[in-house]
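The file work.csv comes next; it holds CSV, C-alpha atoms and all ligand atoms.
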chain,number,residue,atom,x,y,z
A,1,MET,CA,-22.0,-0.9,0.6
A,2,TYR,CA,-18.7,-1.8,2.3
A,3,GLN,CA,-17.4,-0.6,5.7
A,4,LEU,CA,-13.6,0.0,5.8
A,5,TYR,CA,-11.8,0.3,9.1
A,6,SER,CA,-9.0,2.6,8.6
A,7,LEU,CA,-6.4,5.0,10.0
A,8,PRO,CA,-5.2,8.1,8.2
A,9,GLY,CA,-2.0,7.8,6.2
A,10,THR,CA,-1.8,4.0,6.6
A,11,CYS,CA,-1.8,1.1,4.1
A,12,ALA,CA,-5.6,1.2,4.3
A,13,LYS,CA,-5.4,4.2,2.0
A,14,ALA,CA,-4.6,1.7,-0.8
A,15,THR,CA,-7.8,-0.2,-0.1
A,16,GLN,CA,-9.7,3.1,-0.4
A,17,VAL,CA,-8.1,3.9,-3.7
A,18,VAL,CA,-9.0,0.5,-5.1
A,19,LEU,CA,-12.6,0.8,-3.8
A,20,ARG,CA,-12.9,4.1,-5.6
A,21,GLU,CA,-11.3,2.6,-8.8
A,22,LEU,CA,-13.9,-0.1,-8.6
A,23,GLN,CA,-16.6,2.5,-8.1
A,24,GLN,CA,-17.8,0.8,-5.0
A,25,GLU,CA,-19.6,2.7,-2.2
A,26,PHE,CA,-17.9,2.5,1.1
A,27,GLU,CA,-18.0,4.1,4.5
A,28,VAL,CA,-14.7,4.8,6.3
A,29,ILE,CA,-14.8,3.9,10.0
A,30,PRO,CA,-11.9,5.3,12.0
A,31,ARG,CA,-10.3,2.4,13.8
A,32,ASP,CA,-10.0,4.3,17.0
A,33,SER,CA,-13.7,5.1,17.1
A,34,VAL,CA,-14.5,1.4,17.6
A,35,ALA,CA,-14.7,0.4,21.2
A,36,ASP,CA,-13.5,-3.2,20.7
A,37,PHE,CA,-11.6,-3.3,17.4
A,38,GLN,CA,-9.8,-6.5,18.5
A,39,ALA,CA,-13.2,-8.2,18.1
A,40,ILE,CA,-13.1,-7.1,14.4
A,41,ASN,CA,-9.3,-7.8,13.8
A,42,PRO,CA,-7.5,-9.6,16.7
A,43,VAL,CA,-4.2,-8.3,15.3
A,44,GLY,CA,-5.4,-4.7,15.8
A,45,ALA,CA,-4.3,-3.6,12.3
A,46,VAL,CA,-6.1,-1.8,9.5
A,47,PRO,CA,-7.4,-2.3,6.9
A,48,ALA,CA,-10.3,-4.5,7.8
A,49,LEU,CA,-13.2,-4.6,5.4
A,50,GLU,CA,-16.8,-5.5,6.3
A,51,THR,CA,-18.4,-7.2,3.4
A,52,PRO,CA,-22.0,-8.3,3.1
A,53,ASP,CA,-20.8,-11.8,4.1
A,54,SER,CA,-18.1,-11.3,6.7
A,55,VAL,CA,-15.1,-9.2,7.9
A,56,LEU,CA,-11.9,-9.6,5.9
A,57,THR,CA,-8.5,-8.5,7.1
A,58,GLU,CA,-5.0,-8.4,5.5
A,59,GLY,CA,-4.7,-5.8,2.8
A,60,ALA,CA,-3.6,-8.1,0.0
A,61,ALA,CA,-6.5,-10.5,0.7
A,62,ILE,CA,-9.0,-7.7,0.8
A,63,LEU,CA,-7.7,-6.4,-2.6
A,64,LEU,CA,-7.9,-9.8,-4.2
A,65,HIS,CA,-11.4,-10.3,-2.8
A,66,LEU,CA,-12.5,-6.9,-4.3
A,67,LEU,CA,-10.8,-7.4,-7.6
A,68,LYS,CA,-12.3,-10.8,-8.1
A,69,ARG,CA,-15.8,-9.5,-7.5
A,70,HIS,CA,-15.9,-6.3,-9.4
A,71,PRO,CA,-15.0,-5.8,-13.1
A,72,ASN,CA,-11.8,-3.8,-13.4
A,73,GLN,CA,-8.8,-2.9,-15.5
A,74,LEU,CA,-6.4,-3.2,-12.6
A,75,MET,CA,-5.8,-6.9,-13.0
A,76,PRO,CA,-5.2,-9.0,-16.2
A,77,ALA,CA,-7.4,-12.0,-17.0
A,78,GLU,CA,-7.2,-14.5,-14.2
A,79,ASN,CA,-5.6,-17.4,-16.1
A,80,SER,CA,-2.9,-15.4,-17.9
A,81,PRO,CA,0.8,-15.2,-16.9
A,82,ALA,CA,0.3,-11.5,-16.5
A,83,PHE,CA,-2.2,-12.2,-13.7
A,84,SER,CA,0.4,-14.3,-11.8
A,85,ARG,CA,3.0,-11.5,-12.3
A,86,ALA,CA,0.4,-8.9,-11.0
A,87,VAL,CA,-0.2,-11.0,-7.9
A,88,GLU,CA,3.6,-11.4,-7.5
A,89,ASN,CA,4.1,-7.6,-7.6
A,90,MET,CA,1.2,-7.1,-5.2
A,91,MET,CA,2.7,-9.5,-2.7
A,92,PHE,CA,6.2,-8.0,-3.2
A,93,ALA,CA,4.6,-4.6,-2.2
A,94,ASN,CA,2.5,-6.0,0.7
A,95,ALA,CA,4.8,-8.7,2.1
A,96,THR,CA,8.2,-7.3,1.4
A,97,MET,CA,8.2,-3.5,1.0
A,98,HIS,CA,5.5,-2.8,3.6
A,99,PRO,CA,7.4,-4.7,6.4
A,100,ALA,CA,10.6,-3.0,5.4
A,101,TYR,CA,9.0,0.4,6.0
A,102,GLY,CA,7.4,-1.1,9.2
A,103,ARG,CA,10.9,-1.4,10.7
A,104,LEU,CA,11.3,2.4,10.6
A,105,PHE,CA,8.1,2.8,12.6
A,106,PHE,CA,9.2,0.0,15.0
A,107,LEU,CA,12.7,1.4,15.6
A,108,ASN,CA,11.4,4.9,16.0
A,109,ALA,CA,9.2,3.7,18.9
A,110,GLN,CA,12.0,2.0,20.8
A,111,ASP,CA,13.7,3.5,23.8
A,112,LEU,CA,17.3,3.8,22.3
A,113,THR,CA,20.0,6.4,22.5
A,114,PRO,CA,19.6,8.9,19.6
A,115,GLU,CA,22.9,7.7,18.0
A,116,ILE,CA,21.9,4.0,18.1
A,117,LYS,CA,18.4,4.8,16.9
A,118,GLN,CA,19.8,6.9,14.0
A,119,GLN,CA,22.2,4.1,13.0
A,120,LEU,CA,19.4,1.5,13.0
A,121,LEU,CA,17.0,3.8,11.1
A,122,GLU,CA,19.7,4.3,8.4
A,123,SER,CA,20.3,0.6,8.2
A,124,ALA,CA,16.5,0.0,7.7
A,125,ALA,CA,16.5,2.8,5.1
A,126,ARG,CA,19.3,1.1,3.2
A,127,GLU,CA,17.2,-2.0,2.9
A,128,ILE,CA,14.2,0.0,1.7
A,129,SER,CA,16.4,1.7,-0.9
A,130,ARG,CA,17.6,-1.7,-2.1
A,131,LEU,CA,14.0,-2.8,-2.5
A,132,TRP,CA,13.2,0.4,-4.5
A,133,HIS,CA,16.1,-0.5,-6.7
A,134,VAL,CA,14.4,-3.9,-7.3
A,135,VAL,CA,11.2,-1.9,-8.3
A,136,GLU,CA,13.4,0.3,-10.6
A,137,GLN,CA,14.8,-2.8,-12.3
A,138,LYS,CA,11.3,-4.2,-12.8
A,139,LEU,CA,10.2,-0.9,-14.4
A,140,GLU,CA,13.3,-0.8,-16.6
A,141,ARG,CA,12.2,-4.2,-18.0
A,142,GLN,CA,8.8,-2.8,-19.1
A,143,SER,CA,8.5,-2.1,-22.8
A,144,GLY,CA,7.6,1.0,-24.7
A,145,ASN,CA,5.4,3.5,-22.9
A,146,ALA,CA,4.7,1.3,-19.9
A,147,ILE,CA,5.5,3.3,-16.8
A,148,PHE,CA,3.8,1.1,-14.3
A,149,LEU,CA,4.5,-2.3,-12.8
A,150,GLY,CA,1.2,-3.2,-14.4
A,151,GLY,CA,2.4,-2.0,-17.8
A,152,GLU,CA,0.6,0.9,-19.5
A,153,ARG,CA,-2.2,0.5,-17.0
A,154,TYR,CA,-1.5,0.8,-13.3
A,155,SER,CA,-1.9,-2.2,-11.1
A,156,PRO,CA,-2.7,-2.8,-7.4
A,157,ALA,CA,1.1,-3.0,-6.7
A,158,ASP,CA,1.6,0.5,-8.1
A,159,ILE,CA,-1.0,1.8,-5.8
A,160,LEU,CA,0.4,0.0,-2.7
A,161,LEU,CA,3.9,1.1,-3.4
A,162,THR,CA,2.8,4.7,-3.9
A,163,VAL,CA,1.1,4.7,-0.5
A,164,TYR,CA,4.2,3.3,1.2
A,165,SER,CA,6.5,5.7,-0.5
A,166,ALA,CA,5.1,8.6,1.5
A,167,TRP,CA,6.2,7.1,4.8
A,168,GLY,CA,9.9,7.8,4.3
A,169,ALA,CA,9.2,11.5,5.0
A,170,PHE,CA,8.4,10.8,8.6
A,171,PHE,CA,12.0,9.7,9.4
A,172,PRO,CA,15.4,11.4,9.3
A,173,VAL,CA,16.8,9.1,6.7
A,174,ASP,CA,17.6,9.2,3.0
A,175,ILE,CA,15.6,6.6,1.0
A,176,GLN,CA,16.8,6.3,-2.6
A,177,ILE,CA,13.9,6.0,-5.1
A,178,GLY,CA,15.0,5.7,-8.8
A,179,PRO,CA,13.6,8.0,-11.6
A,180,LYS,CA,11.3,5.4,-13.1
A,181,ALA,CA,9.8,4.5,-9.7
A,182,GLN,CA,9.4,8.3,-9.0
A,183,ARG,CA,7.6,8.7,-12.3
A,184,MET,CA,5.2,5.8,-11.4
A,185,ILE,CA,4.6,7.3,-7.9
A,186,ALA,CA,3.9,10.8,-9.4
A,187,ALA,CA,1.4,9.3,-11.9
A,188,ILE,CA,-0.5,7.4,-9.2
A,189,THR,CA,-0.5,10.4,-6.9
A,190,GLU,CA,-2.2,12.4,-9.6
A,191,LEU,CA,-5.1,9.9,-10.0
A,192,PRO,CA,-8.5,11.4,-8.9
A,193,THR,CA,-9.1,8.2,-7.0
A,194,PHE,CA,-5.9,8.7,-5.0
A,195,PHE,CA,-7.0,11.9,-3.5
A,196,ASP,CA,-10.0,12.3,-1.2
A,197,GLN,CA,-10.7,15.5,0.6
A,198,LEU,CA,-12.5,13.4,3.3
A,199,GLU,CA,-9.4,11.6,4.2
A,200,THR,CA,-8.3,14.3,6.6
A,201,GLN,CA,-11.5,13.4,8.6
A,202,GLU,CA,-10.8,9.7,8.8
B,1,LIG,N1,-0.2,-7.6,7.2
B,1,LIG,C1,-1.2,-6.5,7.5
B,1,LIG,C2,-0.4,-5.4,8.0
B,1,LIG,C3,-1.3,-4.2,8.3
B,1,LIG,C4,-0.6,-3.1,9.0
B,1,LIG,O1,0.6,-3.2,9.4
B,1,LIG,N2,-1.3,-2.0,9.3
B,1,LIG,C5,-0.8,-0.9,10.0
B,1,LIG,C6,-1.0,0.4,9.3
B,1,LIG,S1,-0.1,0.5,7.8
B,1,LIG,C7,-1.6,-0.8,11.3
B,1,LIG,O2,-2.8,-0.9,11.4
B,1,LIG,N3,-0.8,-0.7,12.4
B,1,LIG,C8,-1.4,-0.7,13.7
B,1,LIG,C9,-1.3,0.6,14.4
B,1,LIG,O3,-0.7,1.5,13.8
B,1,LIG,O4,-1.7,0.8,15.5
B,1,LIG,C10,-1.9,-6.1,6.2
B,1,LIG,O5,-1.2,-6.2,5.1
B,1,LIG,O6,-3.1,-5.8,6.2

As structure tokens, how would this structure be written, given the file I've shared?
Amino acid sequence: MYQLYSLPGTCAKATQVVLRELQQEFEVIPRDSVADFQAINPVGAVPALETPDSVLTEGAAILLHLLKRHPNQLMPAENSPAFSRAVENMMFANATMHPAYGRLFFLNAQDLTPEIKQQLLESAAREISRLWHVVEQKLERQSGNAIFLGGERYSPADILLTVYSAWGAFFPVDIQIGPKAQRMIAAITELPTFFDQLETQE
């Protein structure tokens, strides 16, 4: 049984989806219900995962830990070129796309004139759109019926990107997401593991 420290609507949702995909039991602990969360993750961020051995932080590291330990169809065989590509896509999502969206949250919290804030938000949104164009190109290169970055099966990157894609709606900006990426997002959103009625209680 895992304990997952989480906040509603955050990147920790991707960890929950993967835990469900792996059919692992877990308890969600709302970060703000913990008196001294800094003792668990000095950074203060979610997700943090309590495993039988220790507490792990950093979303991508948590996913790799779980995927290595539990049989799954989310990742290809470990020594294959496809595995390296799946890790590359996961890191693109976690280390490139996530921080790009993070700029929107950061800018929104700054004490700026409305005009300057809007200009900066739009500039951050243009960069996010550029990254979604990179996703679109990756999806265009997929063959046949493959609609995911993982091919015909979805991969951790598809789940991560789908979680992040919802964040654009919080800001008064236009983020361009191409048709293939939109199709991938729609398919992930429909997964039973993506939806959890308890999430509103996190
Ligand atoms: N590099 C970290 C970043 C995690 C992160 O930025 N988490 C956000 C939510 S998506 C967070 O907890 N922010 C702190 C806060 O909202 O107070 C990871 O990938 O786990």

- Item | For ligand LIG 1 (chain B), the nearest of the candidates A:Ala166, A:Ala146, A:Met75, A:Ala82, counting all atoms listed in the file |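 Looking at the shortest contact to ligand LIG 1 (chain B), the residue is A:Ala166.
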
- Task: Go through the chains and note each residue within 6 Å of ligand LIG 1 (chain B), using all atoms listed in the file, then give the set as a list in words.
- Result: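 Listing the residues within 6 Å of ligand LIG 1 (chain B) gives Thr10, Cys11, Ala45, Val46, Pro47, Glu58, Gly59, Ala60 and Asn94 of chain A.
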
Do you have, as a tab-separated table, the list of residues of stretch 44-128 of chain A lying at most 12 Å from stretch 18-26 of chain A, each with its nearest atom pair and that distance in Å to one decimal, counting only C-alpha atoms and ordered by chain then number?
residue	atom	partner	partner_atom	distance
A:Leu49	CA	A:Phe26	CA	9.5
A:Glu50	CA	A:Phe26	CA	9.6
A:Thr51	CA	A:Phe26	CA	10.0
A:Pro52	CA	A:Phe26	CA	11.7
A:Gly59	CA	A:Val18	CA	11.0
A:Ala60	CA	A:Val18	CA	11.4
A:Ile62	CA	A:Val18	CA	10.1
A:Leu63	CA	A:Val18	CA	7.5
A:Leu64	CA	A:Val18	CA	10.4
A:His65	CA	A:Leu19	CA	11.2
A:Leu66	CA	A:Leu19	CA	7.7
A:Leu67	CA	A:Leu22	CA	8.0
A:Lys68	CA	A:Leu22	CA	10.8
A:Arg69	CA	A:Leu22	CA	9.7
A:His70	CA	A:Leu22	CA	6.6
A:Pro71	CA	A:Leu22	CA	7.3
A:Asn72	CA	A:Leu22	CA	6.4
A:Gln73	CA	A:Glu21	CA	9.0
A:Leu74	CA	A:Glu21	CA	8.5
A:Met75	CA	A:Val18	CA	11.3

Show which residues sit within 10 Å of A:Ile29, as a compact mmCIF listing (two decimals) with C-alpha atoms, keeping the file's coordinate frame. Count all atoms listed in the file, and ignore same-chain residues fewer than 5 positions away.
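File written: result.txt
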# COMPACT_ATOMS: atom_id res chain seq x y z
CA GLN A 3 -17.40 -0.60 5.70
CA LEU A 4 -13.60 0.00 5.80
CA TYR A 5 -11.80 0.30 9.10
CA SER A 6 -9.00 2.60 8.60
CA LEU A 7 -6.40 5.00 10.00
CA VAL A 34 -14.50 1.40 17.60
CA ALA A 48 -10.30 -4.50 7.80
CA LEU A 49 -13.20 -4.60 5.40
CA GLU A 202 -10.80 9.70 8.80

- Note on the structure: Here atom CA of A:Leu149 and atom CA of A:Ala77 stand apart by 15.9 Å

- Item | Polymer residues at most 12 Å from A:Arg85, all atoms listed in the file, same-chain spacing of 5 or more positions, as a ChimeraX atom specification | /A:75-80,90-92,138,149-151,155-157

Requested write-out: C-alpha atoms of the selected residues, as a PDB file, in the frame of the given file:
ATOM      1  CA  MET A  75      -5.800  -6.900 -13.000  1.00  0.00           C
ATOM      2  CA  PRO A  76      -5.200  -9.000 -16.200  1.00  0.00           C
ATOM      3  CA  ALA A  77      -7.400 -12.000 -17.000  1.00  0.00           C
ATOM      4  CA  GLU A  78      -7.200 -14.500 -14.200  1.00  0.00           C
ATOM      5  CA  ASN A  79      -5.600 -17.400 -16.100  1.00  0.00           C
ATOM      6  CA  SER A  80      -2.900 -15.400 -17.900  1.00  0.00           C
ATOM      7  CA  MET A  90       1.200  -7.100  -5.200  1.00  0.00           C
ATOM      8  CA  MET A  91       2.700  -9.500  -2.700  1.00  0.00           C
ATOM      9  CA  PHE A  92       6.200  -8.000  -3.200  1.00  0.00           C
ATOM     10  CA  LYS A 138      11.300  -4.200 -12.800  1.00  0.00           C
ATOM     11  CA  LEU A 149       4.500  -2.300 -12.800  1.00  0.00           C
ATOM     12  CA  GLY A 150       1.200  -3.200 -14.400  1.00  0.00           C
ATOM     13  CA  GLY A 151       2.400  -2.000 -17.800  1.00  0.00           C
ATOM     14  CA  SER A 155      -1.900  -2.200 -11.100  1.00  0.00           C
ATOM     15  CA  PRO A 156      -2.700  -2.800  -7.400  1.00  0.00           C
ATOM     16  CA  ALA A 157       1.100  -3.000  -6.700  1.00  0.00           C
TER      17      ALA A 157
END

- Message: Neighbouring residues of A:Leu131 were defined as those with any atom within 12 Å, considering only C-alpha atoms; residues of the same chain fewer than 4 positions away were excluded. Please report them as a list of chain:residue names.
- Response: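 Using only C-alpha atoms, the neighbours found are A:Phe92, A:Ala93, A:Ala95, A:Thr96, A:Met97, A:His98, A:Pro99, A:Ala100, A:Tyr101, A:Ala124, A:Ala125, A:Arg126, A:Glu127, A:Val135, A:Glu136, A:Gln137, A:Lys138, A:Leu161, A:Ser165, A:Ile175, A:Gln176, A:Ile177, A:Gly178, A:Ala181.
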
Writer output for current selection, C-alpha atoms, as a PDB file, keeping the file's coordinate frame:
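This is the output file out.pdb:
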ATOM      1  CA  PHE A  92       6.200  -8.000  -3.200  1.00  0.00           C
ATOM      2  CA  ALA A  93       4.600  -4.600  -2.200  1.00  0.00           C
ATOM      3  CA  ALA A  95       4.800  -8.700   2.100  1.00  0.00           C
ATOM      4  CA  THR A  96       8.200  -7.300   1.400  1.00  0.00           C
ATOM      5  CA  MET A  97       8.200  -3.500   1.000  1.00  0.00           C
ATOM      6  CA  HIS A  98       5.500  -2.800   3.600  1.00  0.00           C
ATOM      7  CA  PRO A  99       7.400  -4.700   6.400  1.00  0.00           C
ATOM      8  CA  ALA A 100      10.600  -3.000   5.400  1.00  0.00           C
ATOM      9  CA  TYR A 101       9.000   0.400   6.000  1.00  0.00           C
ATOM     10  CA  ALA A 124      16.500   0.000   7.700  1.00  0.00           C
ATOM     11  CA  ALA A 125      16.500   2.800   5.100  1.00  0.00           C
ATOM     12  CA  ARG A 126      19.300   1.100   3.200  1.00  0.00           C
ATOM     13  CA  GLU A 127      17.200  -2.000   2.900  1.00  0.00           C
ATOM     14  CA  VAL A 135      11.200  -1.900  -8.300  1.00  0.00           C
ATOM     15  CA  GLU A 136      13.400   0.300 -10.600  1.00  0.00           C
ATOM     16  CA  GLN A 137      14.800  -2.800 -12.300  1.00  0.00           C
ATOM     17  CA  LYS A 138      11.300  -4.200 -12.800  1.00  0.00           C
ATOM     18  CA  LEU A 161       3.900   1.100  -3.400  1.00  0.00           C
ATOM     19  CA  SER A 165       6.500   5.700  -0.500  1.00  0.00           C
ATOM     20  CA  ILE A 175      15.600   6.600   1.000  1.00  0.00           C
ATOM     21  CA  GLN A 176      16.800   6.300  -2.600  1.00  0.00           C
ATOM     22  CA  ILE A 177      13.900   6.000  -5.100  1.00  0.00           C
ATOM     23  CA  GLY A 178      15.000   5.700  -8.800  1.00  0.00           C
ATOM     24  CA  ALA A 181       9.800   4.500  -9.700  1.00  0.00           C
TER      25      ALA A 181
END

- Task: For stretch 114-120 of chain A, work out the shell of residues within 12 Å, counting all atoms listed in the file and skipping chain neighbours fewer than 4 positions away, then give it as a PyMOL selection string.
- Result: chain A and resi 103-110+124-127+171-174

- Record the distance separating atom CA of A:Asp158 and atom CA of A:Phe37, expressed in Å with one decimal.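 Value for the atom CA of A:Asp158-atom CA of A:Phe37 distance: 29.0 Å.
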
- Message: Please compute the atom CA of A:Tyr154-atom CA of A:Val17 distance, one decimal, in Å.
- Response: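 Interatomic distance here is 12.1 Å.
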